[in-house]
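Structure file target18.cif; described as mmCIF, C-alpha atoms.
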```cif
data_protein
loop_
_atom_site.group_PDB
_atom_site.id
_atom_site.type_symbol
_atom_site.label_atom_id
_atom_site.label_comp_id
_atom_site.auth_asym_id
_atom_site.auth_seq_id
_atom_site.Cartn_x
_atom_site.Cartn_y
_atom_site.Cartn_z
ATOM 1 C CA LEU A 11 139.111 168.644 -254.756
ATOM 2 C CA SER A 12 136.550 165.996 -255.556
ATOM 3 C CA VAL A 13 133.357 165.413 -253.649
ATOM 4 C CA ILE A 14 131.335 162.219 -253.942
ATOM 5 C CA VAL A 15 127.709 162.193 -252.840
ATOM 6 C CA LYS A 16 126.004 158.807 -252.440
ATOM 7 C CA LEU A 17 122.212 158.755 -252.456
ATOM 8 C CA VAL A 18 121.555 155.414 -250.800
ATOM 9 C CA ASN A 19 118.344 153.535 -251.544
ATOM 10 C CA SER A 20 117.487 156.008 -254.281
ATOM 11 C CA GLY A 21 115.822 155.862 -257.623
ATOM 12 C CA LEU A 22 117.390 156.861 -260.907
ATOM 13 C CA PRO A 23 118.369 160.553 -261.169
ATOM 14 C CA SER A 24 117.148 162.441 -264.215
ATOM 15 C CA SER A 25 119.758 165.151 -263.697
ATOM 16 C CA ALA A 26 122.547 166.274 -261.407
ATOM 17 C CA THR A 27 124.332 169.615 -261.203
ATOM 18 C CA VAL A 28 127.216 170.994 -259.197
ATOM 19 C CA ASN A 29 127.236 174.795 -258.890
ATOM 20 C CA SER A 30 124.757 174.930 -261.796
ATOM 21 C CA ASN A 31 127.014 172.854 -264.097
ATOM 22 C CA ALA A 32 126.083 169.367 -265.260
ATOM 23 C CA ALA A 33 127.655 166.750 -262.995
ATOM 24 C CA GLU A 34 128.758 163.222 -263.664
ATOM 25 C CA TRP A 35 126.776 160.533 -261.906
ATOM 26 C CA ALA A 36 126.405 156.772 -261.943
ATOM 27 C CA TYR A 37 124.083 154.175 -260.504
ATOM 28 C CA TYR A 38 125.418 151.224 -258.520
ATOM 29 C CA GLY A 39 122.727 148.572 -258.689
ATOM 30 C CA ASN A 40 124.085 146.180 -256.055
ATOM 31 C CA GLU A 41 123.995 149.068 -253.578
ATOM 32 C CA VAL A 42 120.767 150.593 -254.979
ATOM 33 C CA THR A 43 122.674 153.872 -254.840
ATOM 34 C CA ALA A 44 122.999 156.853 -257.148
ATOM 35 C CA THR A 45 126.407 158.507 -256.879
ATOM 36 C CA VAL A 46 127.134 162.088 -257.940
ATOM 37 C CA TYR A 47 130.696 163.211 -258.620
ATOM 38 C CA ALA A 48 131.682 166.840 -258.044
ATOM 39 C CA ILE A 49 135.145 166.932 -259.587
ATOM 40 C CA GLY A 50 137.511 169.877 -259.323
ATOM 41 C CA VAL A 51 135.369 172.001 -257.013
ATOM 42 C CA SER A 52 136.812 174.656 -254.755
ATOM 43 C CA THR A 53 136.139 174.498 -251.044
ATOM 44 C CA SER A 54 136.691 178.230 -250.644
ATOM 45 C CA GLN A 55 133.058 178.751 -251.680
ATOM 46 C CA PRO A 56 129.890 176.837 -250.830
ATOM 47 C CA ILE A 57 129.194 173.860 -253.075
ATOM 48 C CA ASN A 58 125.658 173.573 -254.432
ATOM 49 C CA ILE A 59 124.757 170.045 -255.526
ATOM 50 C CA GLN A 60 121.294 169.451 -256.932
ATOM 51 C CA VAL A 61 119.959 166.057 -257.939
ATOM 52 C CA VAL A 62 116.528 165.444 -259.464
ATOM 53 C CA ILE A 63 115.162 161.962 -258.857
ATOM 54 C CA PRO A 64 111.692 161.250 -260.267
ATOM 55 C CA LYS A 65 109.392 159.060 -258.220
ATOM 56 C CA PRO A 66 110.427 155.423 -258.710
ATOM 57 C CA PRO A 67 107.904 152.938 -260.148
ATOM 58 C CA VAL A 68 107.634 151.122 -256.817
ATOM 59 C CA GLN A 69 106.327 152.462 -253.522
ATOM 60 C CA SER A 70 109.577 151.750 -251.683
ATOM 61 C CA LEU A 71 113.086 150.706 -252.613
ATOM 62 C CA SER A 72 113.525 149.379 -249.092
ATOM 63 C CA GLY A 73 114.715 145.790 -249.007
ATOM 64 C CA ILE A 74 115.960 145.563 -252.595
ATOM 65 C CA ARG A 75 119.638 145.846 -251.664
ATOM 66 C CA GLY A 76 119.294 143.140 -249.007
ATOM 67 C CA ALA A 77 117.404 140.835 -251.359
ATOM 68 C CA ILE A 78 120.106 141.202 -254.027
ATOM 69 C CA TYR A 79 122.808 140.497 -251.450
ATOM 70 C CA ARG A 80 121.057 137.426 -250.045
ATOM 71 C CA ALA A 81 120.213 136.088 -253.507
ATOM 72 C CA THR A 82 123.879 136.418 -254.466
ATOM 73 C CA LEU A 83 124.926 134.472 -251.359
ATOM 74 C CA ALA A 84 122.298 131.791 -251.997
ATOM 75 C CA LYS A 85 123.362 131.452 -255.632
ATOM 76 C CA ARG A 86 127.022 131.210 -254.624
ATOM 77 C CA ASN A 87 126.229 128.419 -252.159
ATOM 78 C CA LEU A 88 124.105 126.571 -254.710
ATOM 79 C CA ASP A 89 126.853 126.981 -257.328
ATOM 80 C CA GLU A 90 129.359 125.329 -254.991
ATOM 81 C CA VAL A 91 127.269 122.156 -254.838
ATOM 82 C CA ARG A 92 126.210 122.456 -258.489
ATOM 83 C CA ALA A 93 122.538 122.772 -257.570
ATOM 84 C CA THR A 94 121.678 126.244 -258.866
ATOM 85 C CA PRO A 95 118.230 126.155 -260.503
ATOM 86 C CA GLY A 96 118.615 126.776 -264.209
ATOM 87 C CA SER A 97 122.114 125.316 -264.383
ATOM 88 C CA ILE A 98 120.947 121.761 -264.947
ATOM 89 C CA THR A 99 120.148 120.587 -268.478
ATOM 90 C CA GLY A 100 116.443 120.844 -269.248
ATOM 91 C CA GLN A 101 115.704 123.592 -266.731
ATOM 92 C CA PRO A 102 114.704 127.106 -267.768
ATOM 93 C CA ARG A 103 117.732 129.422 -267.939
ATOM 94 C CA PRO A 104 118.518 131.407 -265.948
ATOM 95 C CA GLY A 105 116.762 130.308 -262.791
ATOM 96 C CA GLU A 106 114.848 132.816 -260.677
ATOM 97 C CA ILE A 107 117.514 132.963 -257.943
ATOM 98 C CA SER A 108 120.110 133.781 -260.616
ATOM 99 C CA ARG A 109 117.858 136.448 -262.076
ATOM 100 C CA LEU A 110 117.426 138.051 -258.642
ATOM 101 C CA ALA A 111 121.160 137.831 -257.899
ATOM 102 C CA MET A 112 121.837 139.618 -261.213
ATOM 103 C CA LEU A 113 119.333 142.424 -260.531
ATOM 104 C CA GLY A 114 122.012 144.791 -259.222
ATOM 105 C CA ASP A 115 124.130 144.294 -262.327
ATOM 106 C CA SER A 116 121.067 144.730 -264.528
ATOM 107 C CA LEU A 117 120.178 148.014 -262.795
ATOM 108 C CA ALA A 118 123.751 149.279 -263.151
ATOM 109 C CA PHE A 119 123.933 148.242 -266.813
ATOM 110 C CA ASN A 120 120.611 149.915 -267.670
ATOM 111 C CA TYR A 121 120.953 153.173 -265.713
ATOM 112 C CA LYS A 122 121.111 155.154 -268.969
ATOM 113 C CA ASN A 123 117.844 153.528 -270.115
ATOM 114 C CA PRO A 124 115.128 154.642 -267.656
ATOM 115 C CA SER A 125 112.342 152.531 -269.175
ATOM 116 C CA VAL A 126 114.292 149.268 -268.772
ATOM 117 C CA PHE A 127 115.608 150.372 -265.356
ATOM 118 C CA ASN A 128 112.077 151.145 -264.097
ATOM 119 C CA SER A 129 110.762 147.893 -265.534
ATOM 120 C CA LEU A 130 113.391 145.976 -263.546
ATOM 121 C CA LEU A 131 112.324 147.773 -260.357
ATOM 122 C CA SER A 132 108.626 147.246 -261.106
ATOM 123 C CA ASN A 133 109.192 143.495 -261.406
ATOM 124 C CA PHE A 134 111.217 143.182 -258.189
ATOM 125 C CA SER A 135 108.401 141.846 -255.955
ATOM 126 C CA THR A 136 107.393 139.261 -258.558
ATOM 127 C CA ASN A 137 111.020 138.181 -259.062
ATOM 128 C CA LEU A 138 111.577 137.893 -255.306
ATOM 129 C CA ALA A 139 108.467 135.731 -254.870
ATOM 130 C CA ALA A 140 109.521 133.535 -257.809
ATOM 131 C CA ALA A 141 113.027 133.069 -256.368
ATOM 132 C CA ILE A 142 111.620 132.111 -252.978
ATOM 133 C CA ALA A 143 109.191 129.654 -254.587
ATOM 134 C CA GLU A 144 111.975 128.187 -256.720
ATOM 135 C CA LEU A 145 114.019 127.429 -253.600
ATOM 136 C CA HIS A 146 110.951 125.984 -251.829
ATOM 137 C CA ILE A 147 111.459 128.198 -248.775
#
```
So that I can check it, write out the structure of this file as C-alpha cells.
Amino acid sequence: LSVIVKLVNSGLPSSATVNSNAAEWAYYGNEVTATVYAIGVSTSQPINIQVVIPKPPVQSLSGIRGAIYRATLAKRNLDEVRATPGSITGQPRPGEISRLAMLGDSLAFNYKNPSVFNSLLSNFSTNLAAAIAELHI
C-alpha cells in the first residue's frame, strides 16, 4: 500500500520519515505543496509519518499559489496576442510577469537547494509588485 500526504501551503521540509525510516518527498512549486510518499506500508499497524519543516523565510505562504496561477493565466493571454513584456526585442528578458509565472517551476526545480528555494520565497512580494507595475494595473 502507498500513502501520499500533501502538506498544502507549506515550506520546504528538511526531513520526512515513515515509521522511523527515511521517506521520499518532493515539492510541487505550482501548488506550494510538499508531498511525502509512504510506499509499501502495511495498514495492519499504525503508520507514523513525521515531517520537519523549518520556518519559511516569509511570514506567510498564503497567496503565493494564487499569484502563480493568475500570473500564468495573464502570461498565457499576453502570449496569445504577442504582448508579453520581455518578449519584444529591446525589452529586458524575461519580463516580471514571466518571472512570476515561472516561480512555481523555479521552486520545484530548486527544492533540493534550500538557500535558492528560500531566496525565491523571500523575493515573492517584490516580484509580485514588479509584475503588477509592469502590467500597469
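Pairwise distance (CA of Leu117 in chain A, CA of Ile142 in chain A) equals 20.6 Å.
As for CA of Leu145 in chain A and CA of Phe127 in chain A, they are spaced 25.8 Å apart.
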Between A:Ala93, A:Ile49, A:Leu22, A:Ile98, which residue has the minimum interatomic distance to Ile63 in chain A, considering all atoms listed in the file? A:Leu22
Quick one: everything within 12 Å of Leu110 in chain A, counting only C-alpha atoms, minus sequence neighbours fewer than 2 positions away in the same chain. Send it as a short mmCIF file (atom, residue, chain, number, x, y, z; two decimals) with C-alpha atoms, keeping the file's coordinate frame.
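Result saved to around-v5.cif:
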```
data_model
loop_
_atom_site.label_atom_id
_atom_site.label_comp_id
_atom_site.auth_asym_id
_atom_site.auth_seq_id
_atom_site.Cartn_x
_atom_site.Cartn_y
_atom_site.Cartn_z
CA GLY A 39 122.73 148.57 -258.69
CA ASN A 40 124.08 146.18 -256.06
CA ILE A 74 115.96 145.56 -252.60
CA ARG A 75 119.64 145.85 -251.66
CA GLY A 76 119.29 143.14 -249.01
CA ALA A 77 117.40 140.84 -251.36
CA ILE A 78 120.11 141.20 -254.03
CA TYR A 79 122.81 140.50 -251.45
CA ARG A 80 121.06 137.43 -250.04
CA ALA A 81 120.21 136.09 -253.51
CA THR A 82 123.88 136.42 -254.47
CA LEU A 83 124.93 134.47 -251.36
CA ALA A 84 122.30 131.79 -252.00
CA LYS A 85 123.36 131.45 -255.63
CA PRO A 104 118.52 131.41 -265.95
CA GLY A 105 116.76 130.31 -262.79
CA GLU A 106 114.85 132.82 -260.68
CA ILE A 107 117.51 132.96 -257.94
CA SER A 108 120.11 133.78 -260.62
CA MET A 112 121.84 139.62 -261.21
CA LEU A 113 119.33 142.42 -260.53
CA GLY A 114 122.01 144.79 -259.22
CA ASP A 115 124.13 144.29 -262.33
CA SER A 116 121.07 144.73 -264.53
CA LEU A 117 120.18 148.01 -262.80
CA LEU A 130 113.39 145.98 -263.55
CA LEU A 131 112.32 147.77 -260.36
CA ASN A 133 109.19 143.50 -261.41
CA PHE A 134 111.22 143.18 -258.19
CA SER A 135 108.40 141.85 -255.96
CA THR A 136 107.39 139.26 -258.56
CA ASN A 137 111.02 138.18 -259.06
CA LEU A 138 111.58 137.89 -255.31
CA ALA A 139 108.47 135.73 -254.87
CA ALA A 140 109.52 133.54 -257.81
CA ALA A 141 113.03 133.07 -256.37
CA ILE A 142 111.62 132.11 -252.98
CA GLU A 144 111.98 128.19 -256.72
#
```
Two-atom distance - CA of Glu34 in chain A, CA of Ser54 in chain A (Å):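 Between CA of Glu34 in chain A and CA of Ser54 in chain A the gap works out to 21.4 Å.
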Which centre and edge lengths in Å to one decimal define the box along x, y and z that fits every listed atom of range 20-25 of chain A plus 6 Å per side, as lines of an AutoDock Vina configuration file?
```
center_x = 117.8
center_y = 160.5
center_z = -259.2
size_x = 15.9
size_y = 21.3
size_z = 21.9
```
Run the PyMOL selection byres ((chain A and resi 50) around 8) on the file and write out the hits as a ChimeraX atom specification. /A:11-12,48-49,51-52
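Evaluating the PyMOL selection byres ((chain A and resi 44) around 9) against the shown model yields Val15, Lys16, Leu17, Val18, Asn19, Ser20, Gly21, Leu22, Pro23, Trp35, Ala36, Tyr37, Tyr38, Gly39, Glu41, Val42, Thr43, Thr45 and Val46 of chain A.
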Point out the residue among A:Ala143, A:Ile57, A:Val62, A:Val13 with the least atom-to-atom distance to Ser25 in chain A, counting all atoms listed in the file. A:Val62
Run the PyMOL selection byres ((chain A and resi 30) around 10) against the file shown and list the residues it catches, as a ChimeraX atom specification. /A:26-29,31-33,57-60
Proximity to Pro95 in chain A - best of A:His146, A:Ser24, A:Asn120, A:Gln55, all atoms listed in the file: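 Closest to Pro95 in chain A, using all atoms listed in the file: A:His146.
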Between A:Asn87, A:Ser72, A:Val61, A:Pro66, single out the one closest to Ser125 in chain A, counting all atoms listed in the file. A:Pro66
